[in-house]
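coords-v6.tsv follows (TSV, C-alpha atoms):
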```tsv
chain	number	residue	atom	x	y	z
F	1	MET	CA	2.52	183.59	-126.15
F	2	PHE	CA	6.20	183.36	-126.79
F	3	SER	CA	9.18	182.27	-124.82
F	4	PRO	CA	10.29	184.41	-121.86
F	5	VAL	CA	13.84	184.12	-123.20
F	6	VAL	CA	12.92	186.86	-125.65
F	7	LEU	CA	12.17	189.21	-122.76
F	8	ILE	CA	15.26	188.47	-120.70
F	9	VAL	CA	17.42	191.39	-121.86
F	10	GLY	CA	14.72	193.92	-121.15
F	11	LEU	CA	13.78	192.29	-117.86
F	12	TYR	CA	17.40	192.28	-116.74
F	13	GLN	CA	17.69	196.02	-117.36
F	14	LEU	CA	14.46	196.69	-115.50
F	15	VAL	CA	15.44	194.58	-112.52
F	16	GLN	CA	18.90	196.11	-112.46
F	17	ASN	CA	17.46	199.62	-112.47
F	18	TYR	CA	15.25	198.76	-109.51
F	19	ASP	CA	18.24	197.28	-107.63
F	20	LEU	CA	16.54	193.91	-107.40
F	21	LEU	CA	19.34	191.73	-108.73
F	22	ASN	CA	20.35	189.06	-106.21
F	23	THR	CA	17.21	189.44	-104.13
F	24	TYR	CA	14.23	187.19	-103.60
F	25	SER	CA	11.94	190.09	-104.49
F	26	GLY	CA	13.34	190.41	-108.00
F	27	VAL	CA	12.58	186.78	-108.79
F	28	ILE	CA	9.19	186.88	-107.07
F	29	VAL	CA	8.03	190.03	-108.85
F	30	THR	CA	9.15	188.70	-112.23
F	31	ASN	CA	7.47	185.34	-111.61
F	32	CYS	CA	4.28	187.16	-110.67
F	33	ALA	CA	4.39	189.15	-113.89
F	34	PHE	CA	4.37	185.90	-115.81
F	35	THR	CA	1.72	184.11	-113.75
F	36	VAL	CA	-0.80	186.90	-113.09
F	37	PRO	CA	-2.21	187.19	-116.65
F	38	MET	CA	-2.99	183.49	-116.83
F	39	ALA	CA	-4.31	183.57	-113.27
F	40	VAL	CA	-6.66	186.48	-114.02
F	41	TRP	CA	-8.00	184.70	-117.04
F	42	LEU	CA	-8.58	181.40	-115.23
F	43	MET	CA	-10.19	183.10	-112.25
F	44	HIS	CA	-12.34	185.30	-114.49
F	45	GLY	CA	-13.85	182.18	-116.03
F	46	TYR	CA	-14.51	180.80	-112.57
F	47	LEU	CA	-16.02	183.95	-111.08
F	48	LYS	CA	-18.30	184.44	-114.07
F	49	ASN	CA	-20.11	181.22	-113.19
F	50	ILE	CA	-21.02	182.47	-109.71
F	51	PRO	CA	-24.43	184.16	-110.01
F	52	VAL	CA	-24.54	187.89	-109.28
F	53	ASP	CA	-27.86	187.30	-107.44
F	54	LEU	CA	-25.98	185.73	-104.55
F	55	GLU	CA	-24.03	188.91	-104.02
F	56	GLN	CA	-27.11	191.08	-104.40
F	57	ALA	CA	-28.84	189.00	-101.75
F	58	ALA	CA	-25.88	189.74	-99.49
F	59	TYR	CA	-26.22	193.49	-100.19
F	60	VAL	CA	-29.90	193.32	-99.25
F	61	ASP	CA	-28.86	191.80	-95.96
F	62	GLY	CA	-26.54	194.73	-95.33
F	63	CYS	CA	-23.18	193.63	-96.68
F	64	SER	CA	-20.93	196.19	-98.32
F	65	ARG	CA	-19.30	195.18	-101.58
F	66	LEU	CA	-16.08	194.24	-99.82
F	67	SER	CA	-17.71	192.11	-97.16
F	68	GLY	CA	-19.89	190.58	-99.87
F	69	ILE	CA	-16.74	189.51	-101.67
F	70	VAL	CA	-15.05	188.22	-98.54
F	71	ARG	CA	-18.09	186.39	-97.14
F	72	ILE	CA	-19.86	185.15	-100.26
F	73	ILE	CA	-17.64	185.16	-103.33
F	74	LEU	CA	-14.32	184.13	-101.81
F	75	PRO	CA	-15.62	180.94	-100.13
F	76	LEU	CA	-17.56	179.99	-103.26
F	77	SER	CA	-14.57	180.49	-105.50
F	78	ALA	CA	-12.20	178.53	-103.23
F	79	PRO	CA	-11.50	175.85	-105.87
F	80	GLY	CA	-10.66	178.57	-108.40
F	81	VAL	CA	-8.39	180.35	-105.94
F	82	ALA	CA	-6.73	177.05	-105.03
F	83	MET	CA	-6.15	176.24	-108.67
F	84	VAL	CA	-4.56	179.62	-109.36
F	85	ALA	CA	-2.39	179.29	-106.26
F	86	ILE	CA	-1.18	175.84	-107.33
F	87	TYR	CA	-0.62	176.96	-110.90
F	88	SER	CA	1.60	179.84	-109.83
F	89	PHE	CA	3.36	177.76	-107.16
F	90	ILE	CA	4.31	175.12	-109.71
F	91	TYR	CA	5.33	177.77	-112.22
F	92	ALA	CA	7.65	179.44	-109.71
F	93	TRP	CA	8.99	176.10	-108.49
F	94	ASN	CA	9.85	174.85	-111.98
F	95	ASP	CA	11.24	178.06	-113.32
F	96	LEU	CA	14.96	177.98	-114.03
F	97	LEU	CA	15.46	180.90	-116.42
F	98	ILE	CA	14.55	183.80	-114.14
F	99	PRO	CA	16.69	182.79	-111.12
F	100	LEU	CA	19.50	181.81	-113.51
F	101	ILE	CA	19.64	185.35	-114.84
F	102	PHE	CA	18.84	187.32	-111.69
F	103	ILE	CA	20.60	185.39	-108.94
F	104	SER	CA	24.33	184.90	-108.74
F	105	GLU	CA	24.68	184.84	-104.93
F	106	PRO	CA	25.03	181.13	-103.96
F	107	LEU	CA	23.01	181.45	-100.74
F	108	LEU	CA	19.93	182.81	-102.52
F	109	ARG	CA	19.61	180.20	-105.25
F	110	PRO	CA	16.37	178.23	-105.51
F	111	ALA	CA	16.39	174.45	-105.95
F	112	SER	CA	16.00	174.51	-109.74
F	113	LEU	CA	19.22	176.49	-110.04
F	114	ALA	CA	21.07	174.50	-107.38
F	115	LEU	CA	20.38	171.31	-109.35
F	116	THR	CA	22.71	172.54	-112.08
F	117	ASP	CA	25.59	172.41	-109.56
F	118	PHE	CA	25.90	168.68	-109.85
F	119	ALA	CA	27.08	168.95	-113.43
F	120	ALA	CA	30.76	169.84	-113.21
F	121	GLN	CA	32.87	170.71	-116.19
F	122	ASN	CA	33.92	167.18	-117.14
F	123	VAL	CA	31.79	164.95	-114.96
F	124	VAL	CA	28.14	164.85	-113.95
F	125	TYR	CA	27.37	163.44	-110.51
F	126	TRP	CA	24.22	161.71	-111.68
F	127	HIS	CA	23.52	159.84	-108.46
F	128	GLU	CA	23.58	162.99	-106.34
F	129	MET	CA	21.77	165.04	-108.96
F	130	MET	CA	18.99	162.45	-109.14
F	131	ALA	CA	18.74	162.30	-105.35
F	132	ALA	CA	18.35	166.09	-105.28
F	133	SER	CA	15.82	165.85	-108.13
F	134	VAL	CA	13.73	163.36	-106.17
F	135	LEU	CA	13.81	165.71	-103.18
F	136	THR	CA	12.75	168.62	-105.41
F	137	THR	CA	9.98	166.67	-107.12
F	138	LEU	CA	8.45	165.21	-103.94
F	139	PRO	CA	6.68	168.29	-102.53
F	140	ILE	CA	5.07	169.14	-105.89
F	141	ALA	CA	4.03	165.53	-106.49
F	142	LEU	CA	2.57	165.22	-102.98
F	143	MET	CA	0.78	168.56	-103.20
F	144	PHE	CA	-0.61	167.78	-106.62
F	145	SER	CA	-1.95	164.40	-105.56
F	146	PHE	CA	-3.95	166.09	-102.80
F	147	VAL	CA	-5.30	169.02	-104.79
F	148	GLN	CA	-5.68	167.44	-108.23
F	149	LYS	CA	-9.45	167.41	-107.75
F	150	PHE	CA	-9.57	171.20	-107.29
F	151	PHE	CA	-7.24	171.69	-110.20
F	152	VAL	CA	-9.38	169.76	-112.69
F	153	GLN	CA	-12.57	171.29	-111.29
F	154	GLY	CA	-11.17	174.81	-111.54
F	155	LEU	CA	-9.83	174.36	-115.04
F	156	MET	CA	-13.09	172.84	-116.27
F	157	SER	CA	-15.33	175.60	-115.00
F	158	GLY	CA	-12.92	178.20	-116.31
F	159	ALA	CA	-12.95	176.57	-119.72
F	160	ILE	CA	-16.62	177.02	-120.50
F	161	LYS	CA	-17.41	180.29	-122.18
F	162	GLU	CA	-20.85	181.27	-123.23
B	1	MET	CA	-16.95	140.48	-119.57
B	2	VAL	CA	-17.49	141.25	-123.26
B	3	LYS	CA	-17.25	144.93	-122.44
B	4	ARG	CA	-14.01	144.31	-120.65
B	5	LEU	CA	-12.59	142.49	-123.63
B	6	ARG	CA	-13.61	145.33	-125.88
B	7	MET	CA	-11.84	147.80	-123.64
B	8	LEU	CA	-8.67	145.68	-123.60
B	9	PRO	CA	-6.85	147.50	-126.47
B	10	VAL	CA	-7.65	150.84	-124.87
B	11	HIS	CA	-6.29	149.68	-121.52
B	12	LEU	CA	-3.17	148.29	-123.16
B	13	LEU	CA	-2.60	151.61	-124.90
B	14	LEU	CA	-3.12	153.45	-121.62
B	15	TRP	CA	-0.61	151.19	-119.90
B	16	VAL	CA	1.93	151.83	-122.65
B	17	ILE	CA	1.44	155.60	-122.36
B	18	LEU	CA	1.62	155.45	-118.57
B	19	SER	CA	4.87	153.49	-118.63
B	20	MET	CA	6.34	155.96	-121.11
B	21	MET	CA	5.38	158.81	-118.78
B	22	LEU	CA	6.71	157.08	-115.69
B	23	PHE	CA	9.95	155.87	-117.26
B	24	PRO	CA	12.01	159.02	-116.52
B	25	ALA	CA	10.69	159.18	-112.97
B	26	VAL	CA	11.59	155.56	-112.33
B	27	VAL	CA	15.05	156.05	-113.81
B	28	MET	CA	15.45	159.10	-111.57
B	29	VAL	CA	14.59	157.20	-108.39
B	30	SER	CA	16.68	154.20	-109.43
B	31	THR	CA	19.73	156.32	-110.29
B	32	SER	CA	19.48	158.26	-107.05
B	33	LEU	CA	20.08	155.03	-105.12
B	34	LYS	CA	23.17	153.90	-107.01
B	35	THR	CA	26.85	154.44	-106.45
B	36	PHE	CA	28.76	156.60	-108.92
B	37	GLU	CA	30.33	153.48	-110.49
B	38	GLU	CA	27.07	151.60	-110.86
B	39	ILE	CA	25.44	154.36	-112.93
B	40	PHE	CA	27.69	153.50	-115.87
B	41	SER	CA	27.55	149.72	-115.44
B	42	TRP	CA	26.28	147.68	-118.38
B	43	PRO	CA	23.64	146.25	-118.57
B	44	PRO	CA	21.91	148.96	-116.51
B	45	THR	CA	20.18	147.74	-113.39
B	46	TRP	CA	16.72	148.78	-112.25
B	47	ILE	CA	17.29	147.93	-108.61
B	48	PRO	CA	20.78	148.88	-107.41
B	49	ASP	CA	22.99	146.11	-106.02
B	50	ASN	CA	23.61	147.96	-102.80
B	51	VAL	CA	21.08	150.67	-102.14
B	52	GLN	CA	22.70	154.00	-101.35
B	53	TRP	CA	20.37	155.97	-99.10
B	54	GLU	CA	23.46	157.94	-98.14
B	55	ASN	CA	23.09	159.89	-101.41
B	56	TYR	CA	20.07	161.66	-99.98
B	57	ILE	CA	21.76	162.36	-96.68
B	58	ARG	CA	24.88	163.64	-98.41
B	59	VAL	CA	22.86	165.91	-100.71
B	60	TRP	CA	20.68	167.31	-97.92
B	61	PHE	CA	23.22	167.71	-95.10
B	62	GLY	CA	26.57	167.19	-96.80
B	63	GLU	CA	28.74	169.37	-99.00
B	64	TYR	CA	25.88	170.51	-101.23
B	65	GLN	CA	23.65	171.76	-98.38
B	66	PHE	CA	20.61	171.23	-100.56
B	67	SER	CA	18.21	172.21	-97.79
B	68	ARG	CA	19.08	175.88	-98.27
B	69	PRO	CA	18.12	176.09	-101.99
B	70	PHE	CA	15.12	173.90	-101.26
B	71	PHE	CA	13.71	176.31	-98.68
B	72	ASN	CA	14.61	179.25	-100.92
B	73	SER	CA	12.41	177.61	-103.52
B	74	VAL	CA	9.64	177.05	-100.99
B	75	PHE	CA	9.79	180.73	-100.00
B	76	ILE	CA	9.90	182.10	-103.55
B	77	SER	CA	7.10	179.83	-104.75
B	78	SER	CA	4.83	180.49	-101.76
B	79	VAL	CA	5.19	184.26	-101.99
B	80	THR	CA	4.70	184.15	-105.77
B	81	SER	CA	1.58	182.08	-105.30
B	82	LEU	CA	0.23	184.39	-102.58
B	83	LEU	CA	0.92	187.57	-104.56
B	84	THR	CA	-0.58	186.09	-107.71
B	85	VAL	CA	-3.82	185.33	-105.89
B	86	LEU	CA	-3.80	188.78	-104.23
B	87	PHE	CA	-3.39	190.57	-107.57
B	88	ALA	CA	-5.41	188.24	-109.76
B	89	PHE	CA	-8.52	187.91	-107.60
B	90	PRO	CA	-9.57	191.60	-107.56
B	91	ALA	CA	-8.72	191.93	-111.27
B	92	ALA	CA	-10.71	188.84	-112.16
B	93	TYR	CA	-13.59	190.02	-109.96
B	94	ALA	CA	-13.70	193.39	-111.70
B	95	LEU	CA	-13.53	191.76	-115.12
B	96	SER	CA	-16.36	189.38	-114.32
B	97	ARG	CA	-18.73	191.85	-112.60
B	98	PHE	CA	-18.34	195.26	-114.21
B	99	SER	CA	-18.53	196.19	-117.84
B	100	PHE	CA	-16.27	199.01	-118.94
B	101	GLN	CA	-14.50	200.20	-122.05
B	102	GLY	CA	-11.72	197.94	-123.22
B	103	ARG	CA	-12.82	194.98	-121.12
B	104	GLU	CA	-12.69	192.53	-124.00
B	105	TYR	CA	-9.35	193.95	-125.07
B	106	LEU	CA	-7.97	193.43	-121.55
B	107	LEU	CA	-9.08	189.81	-121.53
B	108	ILE	CA	-7.56	189.04	-124.92
B	109	TYR	CA	-4.40	190.92	-124.01
B	110	HIS	CA	-4.10	188.95	-120.81
B	111	VAL	CA	-4.39	185.63	-122.59
B	112	ASN	CA	-1.89	186.49	-125.26
B	113	ASP	CA	0.92	188.11	-123.39
B	114	SER	CA	2.33	188.87	-120.03
B	115	ASP	CA	2.07	192.36	-118.55
B	116	VAL	CA	5.80	192.85	-118.47
B	117	LEU	CA	6.02	192.47	-122.20
B	118	ALA	CA	5.15	196.00	-123.25
B	119	GLY	CA	7.35	197.68	-120.65
B	120	CYS	CA	10.54	195.75	-121.06
B	121	VAL	CA	10.56	195.33	-124.80
B	122	ASN	CA	10.01	199.06	-125.01
B	123	ARG	CA	13.01	199.67	-122.74
B	124	TRP	CA	15.10	197.30	-124.75
B	125	ILE	CA	14.26	199.00	-128.03
B	126	VAL	CA	14.91	202.42	-126.53
B	127	SER	CA	18.31	201.28	-125.26
B	128	ILE	CA	19.20	199.84	-128.67
B	129	GLY	CA	18.11	203.13	-130.19
B	130	SER	CA	20.39	205.13	-127.93
B	131	GLU	CA	23.33	202.92	-128.92
B	132	LEU	CA	22.89	203.66	-132.59
```
So, in terms of structure tokens, how does the structure I just supplied come out?
Amino acid sequence: MFSPVVLIVGLYQLVQNYDLLNTYSGVIVTNCAFTVPMAVWLMHGYLKNIPVDLEQAAYVDGCSRLSGIVRIILPLSAPGVAMVAIYSFIYAWNDLLIPLIFISEPLLRPASLALTDFAAQNVVYWHEMMAASVLTTLPIALMFSFVQKFFVQGLMSGAIKE
Amino acid sequence: MVKRLRMLPVHLLLWVILSMMLFPAVVMVSTSLKTFEEIFSWPPTWIPDNVQWENYIRVWFGEYQFSRPFFNSVFISSVTSLLTVLFAFPAAYALSRFSFQGREYLLIYHVNDSDVLAGCVNRWIVSIGSEL
């Protein structure tokens, strides 16, 4: 793993060639590229702990592979899915670098980028910046306090490799 | 009781660590309720003299219009999260259920680097090459 800063020049060219500068899609796709590998790995660890026998029992009862996944595996791996969703949500929420490079249109900026507005050239409006920071932190803090249990559970079961 | 006493140093240490962790957050909340002048007052105050809830209202509705970036963030993060699950779940399922050539390599590759890496560094190097 190394810093995404290294990749920025190449990413910028790619995104420019696809005409995705100054769009939500550009930021979303790039964020996904950074979160998916970690997500696959975490979820792989989780799915490996679900016995294959359960699925095979579903096939015996007439499920196709797809309906087996949807009816058996997906509900059982809900904590893993939740963990991955939270992980990528927090990653995208915190990320400053990608929107900073890809978004210059003021209306499209995410909160992390808008927070830099409060620092003017010679003066920083700390009180307003901190108020905005509290507003930006609240949803993540609230969400995390509710789903912390899933998060720890998901990480733990993904961590064990045999 | 004895057990409690024995755990006392551990608890003290935990309290110290917790307060170190919470310190920036508390400063953030405290500063957000001050006036511009009071931020730089010395000695610094924990609880502002006159609490400025207006800061929040000004940031959200006022000249900064912070609600717009906030909901942009909500949108970007939600879609990222949804797409990540949509892409990662089938991939993880395939990796955990089937065995195929290069499976171990894929797993190690996934841990080490992001998928974009190969593509964009390649582009970058090619573009440097064409400059030379």
| request: Kindly determine which residues of chain F lie within 8 Å of chain B, considering only C-alpha atoms, and give the answer as a PyMOL selection string. | output: chain F and resi 1-2+7+9-11+13-14+24+27-29+31-41+43-45+47-48+52+81+84-93+107-112+114+125-134+136
| said: Need the shell around Gly80 of chain F: protein/DNA/RNA residues with any atom at most 8 Å away, counting all atoms listed in the file. Skip same-chain ones fewer than 3 positions apart. Format as an MDAnalysis selection string? | reply: chainID F and resid 42:43 46 77 83:84 150:151 154:155
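Between atom CA of Glu63 of chain B and atom CA of Leu100 of chain F the separation is 21.2 Å.
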| task | Could you please determine the separation between atom CA of Val10 of chain B and atom CA of Phe23 of chain B in Å, to one decimal place? | result | 19.8 Å
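Put simply, atom CA of Ile47 of chain B is 22.1 Å away from atom CA of Ala141 of chain F.
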| task | Compile the contact shell of Glu105 of chain F as a PyMOL selection string: residues with an atom at most 10 Å away, counting only C-alpha atoms, same-chain residues fewer than 6 positions apart removed. | result | chain F and resi 21-23
Write only all heavy atoms for segment 21-32 of chain B from the block just shown, as a PDB file, in the first residue's frame.
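out-v8.pdb, written as the output of this step:
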```
ATOM      1  N   MET B  21      -7.595  11.213  23.279  1.00  0.00           N
ATOM      2  CA  MET B  21      -8.353  11.000  22.042  1.00  0.00           C
ATOM      3  C   MET B  21      -9.466  12.028  21.903  1.00  0.00           C
ATOM      4  O   MET B  21      -9.746  12.529  20.814  1.00  0.00           O
ATOM      5  CB  MET B  21      -8.998   9.604  22.053  1.00  0.00           C
ATOM      6  CG  MET B  21      -8.012   8.490  22.098  1.00  0.00           C
ATOM      7  SD  MET B  21      -7.554   8.055  20.444  1.00  0.00           S
ATOM      8  CE  MET B  21      -6.793   6.492  20.711  1.00  0.00           C
ATOM      9  N   LEU B  22     -10.118  12.316  23.038  1.00  0.00           N
ATOM     10  CA  LEU B  22     -11.288  13.190  22.978  1.00  0.00           C
ATOM     11  C   LEU B  22     -10.927  14.667  22.933  1.00  0.00           C
ATOM     12  O   LEU B  22     -11.757  15.496  22.573  1.00  0.00           O
ATOM     13  CB  LEU B  22     -12.195  12.920  24.188  1.00  0.00           C
ATOM     14  CG  LEU B  22     -13.073  11.678  24.077  1.00  0.00           C
ATOM     15  CD1 LEU B  22     -13.948  11.560  25.303  1.00  0.00           C
ATOM     16  CD2 LEU B  22     -13.942  11.735  22.830  1.00  0.00           C
ATOM     17  N   PHE B  23      -9.684  14.993  23.310  1.00  0.00           N
ATOM     18  CA  PHE B  23      -9.293  16.394  23.399  1.00  0.00           C
ATOM     19  C   PHE B  23      -9.599  17.196  22.123  1.00  0.00           C
ATOM     20  O   PHE B  23     -10.279  18.236  22.203  1.00  0.00           O
ATOM     21  CB  PHE B  23      -7.805  16.490  23.774  1.00  0.00           C
ATOM     22  CG  PHE B  23      -7.314  17.893  23.922  1.00  0.00           C
ATOM     23  CD1 PHE B  23      -7.655  18.646  25.040  1.00  0.00           C
ATOM     24  CD2 PHE B  23      -6.529  18.474  22.946  1.00  0.00           C
ATOM     25  CE1 PHE B  23      -7.215  19.933  25.177  1.00  0.00           C
ATOM     26  CE2 PHE B  23      -6.084  19.774  23.078  1.00  0.00           C
ATOM     27  CZ  PHE B  23      -6.424  20.501  24.191  1.00  0.00           C
ATOM     28  N   PRO B  24      -9.178  16.729  20.944  1.00  0.00           N
ATOM     29  CA  PRO B  24      -9.484  17.516  19.733  1.00  0.00           C
ATOM     30  C   PRO B  24     -10.977  17.683  19.502  1.00  0.00           C
ATOM     31  O   PRO B  24     -11.428  18.770  19.102  1.00  0.00           O
ATOM     32  CB  PRO B  24      -8.860  16.689  18.602  1.00  0.00           C
ATOM     33  CG  PRO B  24      -7.930  15.754  19.247  1.00  0.00           C
ATOM     34  CD  PRO B  24      -8.428  15.510  20.619  1.00  0.00           C
ATOM     35  N   ALA B  25     -11.740  16.630  19.782  1.00  0.00           N
ATOM     36  CA  ALA B  25     -13.183  16.709  19.570  1.00  0.00           C
ATOM     37  C   ALA B  25     -13.808  17.737  20.495  1.00  0.00           C
ATOM     38  O   ALA B  25     -14.671  18.527  20.085  1.00  0.00           O
ATOM     39  CB  ALA B  25     -13.814  15.344  19.786  1.00  0.00           C
ATOM     40  N   VAL B  26     -13.352  17.757  21.755  1.00  0.00           N
ATOM     41  CA  VAL B  26     -13.905  18.717  22.704  1.00  0.00           C
ATOM     42  C   VAL B  26     -13.525  20.139  22.310  1.00  0.00           C
ATOM     43  O   VAL B  26     -14.353  21.058  22.358  1.00  0.00           O
ATOM     44  CB  VAL B  26     -13.430  18.390  24.142  1.00  0.00           C
ATOM     45  CG1 VAL B  26     -13.907  19.449  25.113  1.00  0.00           C
ATOM     46  CG2 VAL B  26     -13.934  17.036  24.563  1.00  0.00           C
ATOM     47  N   VAL B  27     -12.281  20.321  21.885  1.00  0.00           N
ATOM     48  CA  VAL B  27     -11.853  21.642  21.421  1.00  0.00           C
ATOM     49  C   VAL B  27     -12.707  22.073  20.227  1.00  0.00           C
ATOM     50  O   VAL B  27     -13.112  23.235  20.124  1.00  0.00           O
ATOM     51  CB  VAL B  27     -10.350  21.623  21.050  1.00  0.00           C
ATOM     52  CG1 VAL B  27      -9.958  22.910  20.347  1.00  0.00           C
ATOM     53  CG2 VAL B  27      -9.511  21.434  22.282  1.00  0.00           C
ATOM     54  N   MET B  28     -12.993  21.112  19.350  1.00  0.00           N
ATOM     55  CA  MET B  28     -13.795  21.428  18.164  1.00  0.00           C
ATOM     56  C   MET B  28     -15.178  21.945  18.559  1.00  0.00           C
ATOM     57  O   MET B  28     -15.610  23.000  18.091  1.00  0.00           O
ATOM     58  CB  MET B  28     -13.927  20.172  17.300  1.00  0.00           C
ATOM     59  CG  MET B  28     -14.810  20.318  16.090  1.00  0.00           C
ATOM     60  SD  MET B  28     -14.720  18.869  15.034  1.00  0.00           S
ATOM     61  CE  MET B  28     -15.835  17.751  15.850  1.00  0.00           C
ATOM     62  N   VAL B  29     -15.841  21.211  19.452  1.00  0.00           N
ATOM     63  CA  VAL B  29     -17.189  21.617  19.870  1.00  0.00           C
ATOM     64  C   VAL B  29     -17.129  22.949  20.599  1.00  0.00           C
ATOM     65  O   VAL B  29     -17.948  23.843  20.354  1.00  0.00           O
ATOM     66  CB  VAL B  29     -17.825  20.525  20.766  1.00  0.00           C
ATOM     67  CG1 VAL B  29     -19.146  21.006  21.319  1.00  0.00           C
ATOM     68  CG2 VAL B  29     -17.997  19.247  19.988  1.00  0.00           C
ATOM     69  N   SER B  30     -16.133  23.103  21.468  1.00  0.00           N
ATOM     70  CA  SER B  30     -16.015  24.332  22.251  1.00  0.00           C
ATOM     71  C   SER B  30     -15.766  25.535  21.338  1.00  0.00           C
ATOM     72  O   SER B  30     -16.414  26.578  21.480  1.00  0.00           O
ATOM     73  CB  SER B  30     -14.891  24.154  23.269  1.00  0.00           C
ATOM     74  OG  SER B  30     -14.364  25.380  23.643  1.00  0.00           O
ATOM     75  N   THR B  31     -14.847  25.359  20.370  1.00  0.00           N
ATOM     76  CA  THR B  31     -14.534  26.473  19.469  1.00  0.00           C
ATOM     77  C   THR B  31     -15.734  26.845  18.612  1.00  0.00           C
ATOM     78  O   THR B  31     -15.940  28.012  18.299  1.00  0.00           O
ATOM     79  CB  THR B  31     -13.353  26.107  18.557  1.00  0.00           C
ATOM     80  OG1 THR B  31     -12.302  25.608  19.367  1.00  0.00           O
ATOM     81  CG2 THR B  31     -12.871  27.311  17.782  1.00  0.00           C
ATOM     82  N   SER B  32     -16.524  25.833  18.237  1.00  0.00           N
ATOM     83  CA  SER B  32     -17.648  26.111  17.346  1.00  0.00           C
ATOM     84  C   SER B  32     -18.706  26.977  18.016  1.00  0.00           C
ATOM     85  O   SER B  32     -19.571  27.520  17.338  1.00  0.00           O
ATOM     86  CB  SER B  32     -18.265  24.801  16.877  1.00  0.00           C
ATOM     87  OG  SER B  32     -18.986  24.207  17.921  1.00  0.00           O
TER      88      SER B  32
END
```
